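Worksheet for the structure shown next.
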Amino acid sequence: MAVTVYRWDDPYAPVLSNPSAGSLIDVLDACLVNGYPGKSGAGWTKAFSGTNLAAYRQGAGSMCYLRVNDGTGSFKATARGYESMTDIDTGVNAFPTTAQIANGVSAAIGISTTPAKKPWIVVADNKRFYLWVGVSLTTTDDLSAST
């Protein structure tokens, strides 16, 4: 499957704002699963969901899941992979294990609330994705004009 580049400044792209719980899941839903006008989804499915939680499954032929917790509302989200899952809170063979990283891998989606709309880029195909978020280290940076 071809790689697709999704950007915050694409027409109809979802907004990643912080500290808004669930905002990252909106972006991942649009890029990985549903797409948005002008861009198709990358071929993943959303296997399970809960309040500010999502478990994504890679495209055809894969057995792995990625569980994202975007419910902290504190400028970060956490993620953990599983070989299989039966619901949003139950998975088998987690990676990283809780012994390796207690709360899963953290992804910073902001440091300050200025600007509230964070620039992001997702590069994805049906097996993998890369996420970049423009994180401001000061409250005076205006990243919304970045390219």
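By convention in this document, the chains of the structure tokens carry letters A, B, ... by their order, each chain's residues are numbered from 1, and ligands are numbered from 1 in the order they are shown.
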
Would you pick out the contacts of A:Val3 at 12 Å or less, using only C-alpha atoms, so that residues sharing its chain but fewer than 2 positions from it are not included, and give the list as a CSV table (one decimal) with N, CA, C and O atoms, in the first residue's frame?
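Saved file out_12.csv follows:
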chain,number,residue,atom,x,y,z
A,1,MET,N,0.8,-1.2,0.0
A,1,MET,CA,0.0,0.0,0.0
A,1,MET,C,0.9,1.2,0.0
A,1,MET,O,1.9,1.3,0.6
A,5,VAL,N,0.8,11.2,3.2
A,5,VAL,CA,1.2,12.2,4.1
A,5,VAL,C,-0.1,13.0,4.5
A,5,VAL,O,-0.8,13.5,3.6
A,6,TYR,N,-0.4,13.1,5.7
A,6,TYR,CA,-1.5,13.9,6.3
A,6,TYR,C,-0.9,15.1,7.0
A,6,TYR,O,0.0,14.9,7.8
A,31,CYS,N,-6.7,10.0,10.0
A,31,CYS,CA,-5.6,9.6,9.2
A,31,CYS,C,-5.5,8.1,9.0
A,31,CYS,O,-5.3,7.6,7.8
A,32,LEU,N,-5.7,7.3,10.0
A,32,LEU,CA,-5.5,5.9,9.9
A,32,LEU,C,-6.8,5.2,9.4
A,32,LEU,O,-6.7,4.2,8.7
A,39,LYS,N,-8.3,13.0,1.2
A,39,LYS,CA,-7.3,12.0,1.7
A,39,LYS,C,-8.1,10.8,2.2
A,39,LYS,O,-9.0,10.9,3.0
A,40,SER,N,-7.7,9.6,1.7
A,40,SER,CA,-8.3,8.4,2.1
A,40,SER,C,-7.6,7.9,3.4
A,40,SER,O,-6.4,8.3,3.7
A,41,GLY,N,-8.2,7.2,4.3
A,41,GLY,CA,-7.6,6.6,5.4
A,41,GLY,C,-6.5,5.6,5.0
A,41,GLY,O,-6.5,5.1,3.9
A,42,ALA,N,-5.6,5.3,5.9
A,42,ALA,CA,-4.4,4.5,5.6
A,42,ALA,C,-4.7,3.0,5.6
A,42,ALA,O,-3.8,2.2,5.3
A,43,GLY,N,-5.9,2.6,5.9
A,43,GLY,CA,-6.2,1.2,5.9
A,43,GLY,C,-6.3,0.5,7.2
A,43,GLY,O,-6.4,-0.8,7.3
A,122,VAL,N,1.2,13.2,9.9
A,122,VAL,CA,1.2,11.8,10.0
A,122,VAL,C,1.6,11.2,8.7
A,122,VAL,O,1.0,11.7,7.7
A,123,VAL,N,2.5,10.4,8.6
A,123,VAL,CA,2.9,9.6,7.4
A,123,VAL,C,2.5,8.2,7.7
A,123,VAL,O,3.0,7.6,8.7
A,124,ALA,N,1.7,7.6,6.9
A,124,ALA,CA,1.1,6.3,7.2
A,124,ALA,C,0.9,5.4,6.0
A,124,ALA,O,0.7,5.9,4.9
A,125,ASP,N,1.0,4.1,6.2
A,125,ASP,CA,0.5,3.1,5.3
A,125,ASP,C,-0.3,2.2,6.1
A,125,ASP,O,-0.6,2.5,7.3
A,126,ASN,N,-0.7,1.0,5.6
A,126,ASN,CA,-1.6,0.1,6.3
A,126,ASN,C,-0.9,-0.7,7.4
A,126,ASN,O,-1.6,-1.4,8.2
A,127,LYS,N,0.4,-0.5,7.6
A,127,LYS,CA,1.1,-1.3,8.6
A,127,LYS,C,1.8,-0.4,9.7
A,127,LYS,O,2.1,-0.9,10.8
A,128,ARG,N,2.1,0.8,9.3
A,128,ARG,CA,2.9,1.7,10.2
A,128,ARG,C,2.5,3.1,10.0
A,128,ARG,O,2.0,3.5,9.0
A,129,PHE,N,2.8,3.9,11.0
A,129,PHE,CA,2.6,5.4,10.9
A,129,PHE,C,3.7,6.1,11.7
A,129,PHE,O,4.2,5.6,12.7
A,130,TYR,N,4.0,7.3,11.3
A,130,TYR,CA,4.9,8.2,12.0
A,130,TYR,C,4.1,9.4,12.3
A,130,TYR,O,3.4,10.0,11.5

request  = Using DSSP on the backbone coordinates, identify all residues within chain A classified as strand (DSSP E); present the result as a VMD selection string.
outcome  = chain A and resid 4 to 7 16 to 17 45 to 50 53 to 57 65 to 69 76 to 87 90 to 95 105 to 108 117 to 118 120 to 124 129 to 133

task = Using backbone DSSP assignments, extract all helix (DSSP H, G or I) residues from stretch 4-122 of chain A; output them as a list in words.
result =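 Assigned to helix (DSSP H, G or I), within stretch 4-122 of chain A: Ser23, Leu24, Ile25, Asp26, Val27, Leu28, Asp29, Ala30, Cys31, Leu32, Val33 and Asn34 of chain A.
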
request  = Compile the contact shell of stretch 51-60 of chain A as a list in words: residues with an atom at most 7 Å away, counting only C-alpha atoms, same-chain residues fewer than 5 positions apart removed.
outcome  =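 Once the nearby chain positions are removed, what remains is Ala21, Gly22, Ile25, Gly43, Trp44, Thr45, Lys46, Tyr65, Leu66, Arg67, Val68, Asn69, Asp70, Gly71, Ile88, Asn126 and Lys127 of chain A.
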
For A:Pro11: contacts at 10 Å, only C-alpha atoms, fewer than 5 positions along chain excluded, given as a ChimeraX atom specification = /A:36-39

task = Write out as a ChimeraX atom specification each polymer residue whose atoms come within 8 Å of stretch 62-64 of chain A, counting only C-alpha atoms; drop sequence neighbours fewer than 6 positions from it.
result = /A:81-84,127

Same residues, N, CA and C atoms, output as an mmCIF file, in the first residue's frame:
data_model
loop_
_atom_site.group_PDB
_atom_site.id
_atom_site.type_symbol
_atom_site.label_atom_id
_atom_site.label_comp_id
_atom_site.auth_asym_id
_atom_site.auth_seq_id
_atom_site.Cartn_x
_atom_site.Cartn_y
_atom_site.Cartn_z
ATOM 1 N N GLY A 81 1.307 -1.358 22.538
ATOM 2 C CA GLY A 81 0.917 -2.338 21.541
ATOM 3 C C GLY A 81 0.523 -3.646 22.196
ATOM 4 N N TYR A 82 -0.284 -4.430 21.480
ATOM 5 C CA TYR A 82 -0.701 -5.764 21.934
ATOM 6 C C TYR A 82 -0.726 -6.701 20.746
ATOM 7 N N GLU A 83 -0.403 -7.963 20.988
ATOM 8 C CA GLU A 83 -0.519 -8.967 19.929
ATOM 9 C C GLU A 83 -1.981 -9.241 19.612
ATOM 10 N N SER A 84 -2.835 -9.230 20.634
ATOM 11 C CA SER A 84 -4.276 -9.383 20.410
ATOM 12 C C SER A 84 -5.012 -8.650 21.521
ATOM 13 N N LYS A 127 0.408 -0.531 7.595
ATOM 14 C CA LYS A 127 1.148 -1.285 8.618
ATOM 15 C C LYS A 127 1.843 -0.419 9.662
#

task = Quick one: everything within 9 Å of A:Ser106, counting only C-alpha atoms, minus sequence neighbours fewer than 2 positions away in the same chain. Send it as an MDAnalysis selection string.
result = chainID A and resid 76:79 103:104 108

task = Quote the spacing between atom CA of A:Arg7 and atom CA of A:Ala47 in Å to one decimal place.
result = 24.0 Å

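Candidate residues A:Gly134, A:Thr86, A:Ile121, A:Thr97 were compared for distance to A:Ala13, and the nearest is A:Ile121, using only C-alpha atoms.
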
ask   = Which residue out of A:Arg80, A:Asn34, A:Phe48, A:Gly61 has the minimum interatomic distance to A:Gln100 when only C-alpha atoms are used?
value = A:Arg80

inquiry  = One number please: atom CA of A:Phe75 to atom CA of A:Asp26, in Å, one decimal.
reply    = 15.0 Å

Near-A:Trp8 list (8 Å; only C-alpha atoms; drop same-chain fewer than 6 positions) as a compact mmCIF listing (two decimals) with N, CA, C and O atoms, in the first residue's frame:
# COMPACT_ATOMS: atom_id res chain seq x y z
N PRO A 14 -8.41 17.34 10.65
CA PRO A 14 -8.86 17.57 12.02
C PRO A 14 -7.87 18.45 12.79
O PRO A 14 -6.70 18.53 12.44
N VAL A 15 -8.37 19.07 13.83
CA VAL A 15 -7.56 19.97 14.66
C VAL A 15 -7.02 19.20 15.85
O VAL A 15 -7.76 18.48 16.53
N LEU A 16 -5.72 19.33 16.09
CA LEU A 16 -5.10 18.79 17.29
C LEU A 16 -4.92 19.96 18.25
O LEU A 16 -4.15 20.88 17.99
N LYS A 118 -2.34 22.80 17.35
CA LYS A 118 -0.97 22.33 17.15
C LYS A 118 -0.76 21.79 15.74
O LYS A 118 -1.59 21.03 15.23
N PRO A 119 0.34 22.15 15.10
CA PRO A 119 0.66 21.55 13.82
C PRO A 119 1.06 20.10 14.00
O PRO A 119 1.72 19.75 14.98
N TRP A 120 0.65 19.24 13.08
CA TRP A 120 0.97 17.83 13.14
C TRP A 120 1.13 17.29 11.73
O TRP A 120 0.60 17.85 10.77
N ILE A 121 1.87 16.21 11.62
CA ILE A 121 2.01 15.47 10.37
C ILE A 121 1.96 13.99 10.71
O ILE A 121 2.60 13.53 11.66
